[in-house]
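The structure file input_9.cif is reproduced below (mmCIF, C-alpha atoms).
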```cif
data_data
#
loop_
_atom_site.group_PDB
_atom_site.id
_atom_site.type_symbol
_atom_site.label_atom_id
_atom_site.label_comp_id
_atom_site.auth_asym_id
_atom_site.auth_seq_id
_atom_site.Cartn_x
_atom_site.Cartn_y
_atom_site.Cartn_z
ATOM 1 C CA MET A 1 -26.302 58.567 -6.992
ATOM 2 C CA ARG A 2 -27.467 54.990 -7.549
ATOM 3 C CA ARG A 3 -25.583 54.875 -10.858
ATOM 4 C CA HIS A 4 -22.353 55.887 -9.079
ATOM 5 C CA LEU A 5 -22.810 53.089 -6.553
ATOM 6 C CA ILE A 6 -23.272 50.503 -9.309
ATOM 7 C CA VAL A 7 -20.201 51.706 -11.225
ATOM 8 C CA SER A 8 -18.147 51.787 -8.023
ATOM 9 C CA ALA A 9 -19.253 48.260 -7.094
ATOM 10 C CA LEU A 10 -18.321 46.969 -10.562
ATOM 11 C CA LEU A 11 -14.898 48.622 -10.433
ATOM 12 C CA LEU A 12 -14.267 47.265 -6.946
ATOM 13 C CA GLY A 13 -15.262 43.789 -8.140
ATOM 14 C CA LEU A 14 -12.828 43.970 -11.064
ATOM 15 C CA ILE A 15 -10.008 45.133 -8.806
ATOM 16 C CA ALA A 16 -10.691 42.447 -6.184
ATOM 17 C CA ALA A 17 -11.067 39.597 -8.719
ATOM 18 C CA PRO A 18 -8.153 37.167 -8.824
ATOM 19 C CA ALA A 19 -5.622 38.030 -11.495
ATOM 20 C CA ARG A 20 -5.047 35.567 -14.298
ATOM 21 C CA PRO A 21 -1.374 34.808 -14.987
ATOM 22 C CA ALA A 22 0.113 36.520 -18.023
ATOM 23 C CA PHE A 23 0.797 34.360 -21.059
ATOM 24 C CA ALA A 24 3.387 36.269 -23.031
ATOM 25 C CA ASP A 25 6.580 35.399 -24.843
ATOM 26 C CA LEU A 26 9.611 36.942 -26.477
ATOM 27 C CA THR A 27 11.420 35.393 -29.462
ATOM 28 C CA ALA A 28 14.793 36.203 -31.029
ATOM 29 C CA PHE A 29 15.229 34.362 -34.315
ATOM 30 C CA VAL A 30 17.507 33.629 -37.249
ATOM 31 C CA GLY A 31 16.493 31.993 -40.479
ATOM 32 C CA LEU A 32 16.510 32.251 -44.222
ATOM 33 C CA SER A 33 14.495 33.575 -47.111
ATOM 34 C CA PRO A 34 14.696 31.768 -50.459
ATOM 35 C CA THR A 35 13.337 34.827 -52.328
ATOM 36 C CA PRO A 36 14.795 34.980 -54.967
ATOM 37 C CA GLU A 37 17.840 33.092 -53.621
ATOM 38 C CA ARG A 38 18.652 31.931 -50.107
ATOM 39 C CA ARG A 39 19.718 34.709 -47.740
ATOM 40 C CA ALA A 40 19.909 35.217 -43.997
ATOM 41 C CA ALA A 41 16.971 36.592 -42.023
ATOM 42 C CA ARG A 42 16.806 37.712 -38.396
ATOM 43 C CA GLY A 43 14.373 39.407 -36.081
ATOM 44 C CA VAL A 44 12.462 39.632 -32.819
ATOM 45 C CA ALA A 45 8.840 39.057 -31.836
ATOM 46 C CA PHE A 46 6.788 39.795 -28.740
ATOM 47 C CA GLY A 47 3.443 38.098 -28.244
ATOM 48 C CA PHE A 48 0.719 37.302 -25.753
ATOM 49 C CA GLY A 49 -2.157 34.862 -25.786
ATOM 50 C CA LEU A 50 -5.684 34.421 -24.498
ATOM 51 C CA LEU A 51 -6.297 30.652 -24.556
ATOM 52 C CA ILE A 52 -6.543 29.914 -28.326
ATOM 53 C CA ILE A 53 -6.143 33.465 -29.681
ATOM 54 C CA GLY A 54 -2.778 35.194 -29.572
ATOM 55 C CA PHE A 55 -1.392 38.529 -30.723
ATOM 56 C CA GLU A 56 2.155 39.243 -31.837
ATOM 57 C CA PHE A 57 4.297 42.171 -32.907
ATOM 58 C CA GLU A 58 7.336 41.360 -35.010
ATOM 59 C CA TYR A 59 10.279 43.071 -36.694
ATOM 60 C CA SER A 60 12.493 41.196 -39.136
ATOM 61 C CA THR A 61 15.098 41.784 -41.816
ATOM 62 C CA VAL A 62 16.369 39.814 -44.780
ATOM 63 C CA ILE A 63 19.943 40.749 -45.615
ATOM 64 C CA GLU A 64 20.591 42.652 -48.859
ATOM 65 C CA ASP A 65 23.428 41.514 -51.156
ATOM 66 C CA VAL A 66 24.149 44.274 -53.676
ATOM 67 C CA THR A 67 26.996 42.344 -55.353
ATOM 68 C CA GLN A 68 24.567 39.498 -56.217
ATOM 69 C CA GLY A 69 21.641 41.839 -56.964
ATOM 70 C CA LEU A 70 19.569 40.428 -54.067
ATOM 71 C CA THR A 71 17.105 42.737 -52.321
ATOM 72 C CA GLY A 72 16.962 43.380 -48.615
ATOM 73 C CA LEU A 73 13.640 43.410 -46.818
ATOM 74 C CA ALA A 74 12.638 44.896 -43.462
ATOM 75 C CA THR A 75 9.143 44.217 -42.105
ATOM 76 C CA GLY A 76 7.214 45.314 -39.063
ATOM 77 C CA SER A 77 3.899 43.587 -38.493
ATOM 78 C CA GLY A 78 1.097 42.888 -36.092
ATOM 79 C CA ASN A 79 -0.290 39.359 -36.254
ATOM 80 C CA VAL A 80 -3.143 37.266 -34.873
ATOM 81 C CA LEU A 81 -2.407 33.654 -33.931
ATOM 82 C CA LEU A 82 -4.848 30.768 -33.658
ATOM 83 C CA GLN A 83 -3.076 28.290 -31.379
ATOM 84 C CA THR A 84 -3.607 25.116 -29.432
ATOM 85 C CA PRO A 85 -4.870 26.080 -25.952
ATOM 86 C CA GLY A 86 -1.847 24.461 -24.342
ATOM 87 C CA GLU A 87 1.055 22.207 -25.090
ATOM 88 C CA VAL A 88 0.543 18.640 -26.269
ATOM 89 C CA GLY A 89 3.669 16.613 -25.569
ATOM 90 C CA GLY A 90 5.599 19.854 -24.985
ATOM 91 C CA VAL A 91 4.532 21.351 -28.362
ATOM 92 C CA GLN A 92 2.159 24.238 -29.040
ATOM 93 C CA LEU A 93 1.077 24.629 -32.682
ATOM 94 C CA TYR A 94 -0.218 27.832 -34.268
ATOM 95 C CA ALA A 95 -1.390 29.427 -37.511
ATOM 96 C CA THR A 96 -0.973 33.149 -38.015
ATOM 97 C CA THR A 97 -1.949 36.027 -40.261
ATOM 98 C CA GLY A 98 -1.306 39.737 -40.075
ATOM 99 C CA GLY A 99 -0.194 42.919 -41.707
ATOM 100 C CA GLY A 100 2.132 45.836 -41.382
ATOM 101 C CA VAL A 101 4.747 47.780 -43.295
ATOM 102 C CA PHE A 102 7.827 46.832 -45.298
ATOM 103 C CA ARG A 103 10.856 48.411 -46.901
ATOM 104 C CA GLU A 104 12.468 46.544 -49.775
ATOM 105 C CA ARG A 105 15.859 47.840 -50.841
ATOM 106 C CA LEU A 106 18.488 47.128 -53.470
ATOM 107 C CA ALA A 107 21.295 49.715 -53.521
ATOM 108 C CA ALA A 108 19.620 53.103 -54.161
ATOM 109 C CA VAL A 109 16.253 51.615 -55.192
ATOM 110 C CA GLN A 110 13.713 51.124 -52.437
ATOM 111 C CA GLU A 111 9.979 50.678 -51.945
ATOM 112 C CA THR A 112 8.061 51.243 -48.709
ATOM 113 C CA SER A 113 4.429 50.214 -48.414
ATOM 114 C CA VAL A 114 2.095 47.772 -46.666
ATOM 115 C CA ALA A 115 2.416 44.003 -46.488
ATOM 116 C CA THR A 116 0.330 41.059 -45.352
ATOM 117 C CA ASN A 117 1.608 37.713 -44.108
ATOM 118 C CA ALA A 118 0.354 34.251 -43.277
ATOM 119 C CA GLY A 119 2.094 31.225 -41.837
ATOM 120 C CA ALA A 120 2.291 28.518 -39.226
ATOM 121 C CA GLY A 121 4.682 27.184 -36.651
ATOM 122 C CA ALA A 122 5.390 25.406 -33.410
ATOM 123 C CA LYS A 123 6.750 26.321 -29.983
ATOM 124 C CA ILE A 124 8.616 23.347 -28.513
ATOM 125 C CA ARG A 125 9.374 23.284 -24.778
ATOM 126 C CA LEU A 126 13.070 22.718 -24.007
ATOM 127 C CA ALA A 127 13.456 23.462 -20.290
ATOM 128 C CA GLY A 128 11.402 25.631 -17.939
ATOM 129 C CA PRO A 129 10.249 28.751 -19.795
ATOM 130 C CA LEU A 130 12.716 28.232 -22.687
ATOM 131 C CA ARG A 131 11.222 26.989 -25.958
ATOM 132 C CA LEU A 132 12.420 26.441 -29.511
ATOM 133 C CA ARG A 133 10.209 28.243 -32.010
ATOM 134 C CA LEU A 134 9.966 27.108 -35.630
ATOM 135 C CA ASP A 135 8.063 29.362 -38.043
ATOM 136 C CA TYR A 136 7.206 29.627 -41.754
ATOM 137 C CA ARG A 137 5.697 32.777 -43.289
ATOM 138 C CA VAL A 138 4.675 34.050 -46.710
ATOM 139 C CA PHE A 139 4.732 37.843 -47.138
ATOM 140 C CA ARG A 140 2.717 39.659 -49.844
ATOM 141 C CA LEU A 141 4.050 43.138 -50.599
ATOM 142 C CA GLN A 142 1.867 45.932 -51.986
ATOM 143 C CA GLY A 143 2.994 48.890 -54.085
ATOM 144 C CA ASN A 144 5.810 48.356 -56.596
ATOM 145 C CA PRO A 145 8.362 46.042 -54.963
ATOM 146 C CA ILE A 146 10.953 44.117 -56.981
ATOM 147 C CA HIS A 147 9.532 40.876 -55.510
ATOM 148 C CA GLN A 148 5.851 40.819 -54.539
ATOM 149 C CA THR A 149 6.088 37.597 -52.504
ATOM 150 C CA TYR A 150 8.717 36.570 -49.945
ATOM 151 C CA GLN A 151 8.969 33.368 -47.933
ATOM 152 C CA ARG A 152 10.773 33.050 -44.612
ATOM 153 C CA PHE A 153 11.728 30.079 -42.439
ATOM 154 C CA TYR A 154 13.190 30.602 -38.988
ATOM 155 C CA ALA A 155 14.247 28.982 -35.742
ATOM 156 C CA GLY A 156 14.293 31.051 -32.593
ATOM 157 C CA ALA A 157 14.851 31.059 -28.869
ATOM 158 C CA ASN A 158 11.480 31.715 -27.243
ATOM 159 C CA LEU A 159 11.127 32.763 -23.603
ATOM 160 C CA ALA A 160 7.641 32.317 -22.108
ATOM 161 C CA PHE A 161 6.549 34.417 -19.123
#
```

As a first step, turn the structure in this file into structure tokens.
Amino acid sequence: MRRHLIVSALLLGLIAAPARPAFADLTAFVGLSPTPERRAARGVAFGFGLLIIGFEFEYSTVIEDVTQGLTGLATGSGNVLLQTPGEVGGVQLYATTGGGVFRERLAAVQETSVATNAGAGAKIRLAGPLRLRLDYRVFRLQGNPIHQTYQRFYAGANLAF
């Protein structure tokens, strides 16, 4: 009986505690990958942060060009961000690392396996919740891909909420 009272009191305390505002954001981006030659990249990311630690889920593609023999790459990853706790002069810097899955394709040849990534970037306040996001990543592909390492640079519209 006493145990039930303690658990109930703890639950009531958690429910009654003031809620902390959510720190999440959504990014739509376009960019390029110079691997092996420059091609367009695009994608979306959703993230949320807890002071200096953030988490992000991202999907991106690099466009395949069969006529030039250039592979396409699709990635889905979960990432951890180490970021400045707030903006300094309207800029929030971050470093990131993570992992997920990829599919590299060139015509009928494709490889699907796991990938890791690491990078850094900045979120620059433009107006209200709208920010410009600049990001650089290096992807390491496992398995038997045509290219084991990809780089990606992007600029994106980031909406904080």

To one decimal in Å, tell me the separation between CA of Tyr150 (chain A) and CA of Leu81 (chain A).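 For CA of Tyr150 (chain A) relative to CA of Leu81 (chain A), the distance reads 19.7 Å.
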
Quick one: which residues end up in the PyMOL selection byres ((chain A and resi 141) around 10) for this structure, as a PyMOL selection string? chain A and resi 75+99-104+111-117+138-140+142-150

Could you turn the residues from that selection into a file that holds C-alpha atoms, as a PDB file, keeping the file's coordinate frame?
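This went into selection-v9.pdb:
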```
ATOM      1  CA  THR A  75       9.143  44.217 -42.105  1.00  0.00           C
ATOM      2  CA  GLY A  99      -0.194  42.919 -41.707  1.00  0.00           C
ATOM      3  CA  GLY A 100       2.132  45.836 -41.382  1.00  0.00           C
ATOM      4  CA  VAL A 101       4.747  47.780 -43.295  1.00  0.00           C
ATOM      5  CA  PHE A 102       7.827  46.832 -45.298  1.00  0.00           C
ATOM      6  CA  ARG A 103      10.856  48.411 -46.901  1.00  0.00           C
ATOM      7  CA  GLU A 104      12.468  46.544 -49.775  1.00  0.00           C
ATOM      8  CA  GLU A 111       9.979  50.678 -51.945  1.00  0.00           C
ATOM      9  CA  THR A 112       8.061  51.243 -48.709  1.00  0.00           C
ATOM     10  CA  SER A 113       4.429  50.214 -48.414  1.00  0.00           C
ATOM     11  CA  VAL A 114       2.095  47.772 -46.666  1.00  0.00           C
ATOM     12  CA  ALA A 115       2.416  44.003 -46.488  1.00  0.00           C
ATOM     13  CA  THR A 116       0.330  41.059 -45.352  1.00  0.00           C
ATOM     14  CA  ASN A 117       1.608  37.713 -44.108  1.00  0.00           C
ATOM     15  CA  VAL A 138       4.675  34.050 -46.710  1.00  0.00           C
ATOM     16  CA  PHE A 139       4.732  37.843 -47.138  1.00  0.00           C
ATOM     17  CA  ARG A 140       2.717  39.659 -49.844  1.00  0.00           C
ATOM     18  CA  GLN A 142       1.867  45.932 -51.986  1.00  0.00           C
ATOM     19  CA  GLY A 143       2.994  48.890 -54.085  1.00  0.00           C
ATOM     20  CA  ASN A 144       5.810  48.356 -56.596  1.00  0.00           C
ATOM     21  CA  PRO A 145       8.362  46.042 -54.963  1.00  0.00           C
ATOM     22  CA  ILE A 146      10.953  44.117 -56.981  1.00  0.00           C
ATOM     23  CA  HIS A 147       9.532  40.876 -55.510  1.00  0.00           C
ATOM     24  CA  GLN A 148       5.851  40.819 -54.539  1.00  0.00           C
ATOM     25  CA  THR A 149       6.088  37.597 -52.504  1.00  0.00           C
ATOM     26  CA  TYR A 150       8.717  36.570 -49.945  1.00  0.00           C
TER      27      TYR A 150
END
```

Which of these, A:Gln83, A:Leu130, A:Gln151, A:Asn158, has the shortest distance to Arg39 (chain A) once you count only C-alpha atoms?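 Of all the options, A:Gln151 lies closest to Arg39 (chain A).
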
Which residue gives the smallest distance to Gly49 (chain A) among A:Leu82, A:Arg131, A:Thr97, A:Thr61, with all atoms listed in the file counted?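 Between A:Leu82, A:Arg131, A:Thr97, A:Thr61, the residue approaching Gly49 (chain A) most closely is A:Leu82.
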
Written as a list of chain:residue names, what is the full residue list that the PyMOL selection byres ((chain A and resi 90) around 10) yields on the file shown? A:Gly86, A:Glu87, A:Val88, A:Gly89, A:Val91, A:Gln92, A:Lys123, A:Ile124, A:Arg125, A:Leu126, A:Ala127, A:Arg131

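Using all atoms listed in the file for every distance, the candidate list A:Gly43, A:Phe57, A:Leu93, A:Ala28 yields A:Gly43 as the residue closest to Arg152 (chain A).
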
Could you state the separation of CA of Arg42 (chain A) and CA of Phe161 (chain A) in Å, given to one decimal place?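 That distance, rounded to one decimal, is 22.1 Å.
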
Please list as number ranges by chain every residue within 7 Å of Gly98 (chain A), counting only C-alpha atoms and excluding residues in the same chain fewer than 6 positions away. A: 77-80, 116-118

With distances taken over all atoms listed in the file, the candidate from A:Phe46, A:Tyr94, A:Pro85, A:Ala108 nearest Gly72 (chain A) is A:Ala108
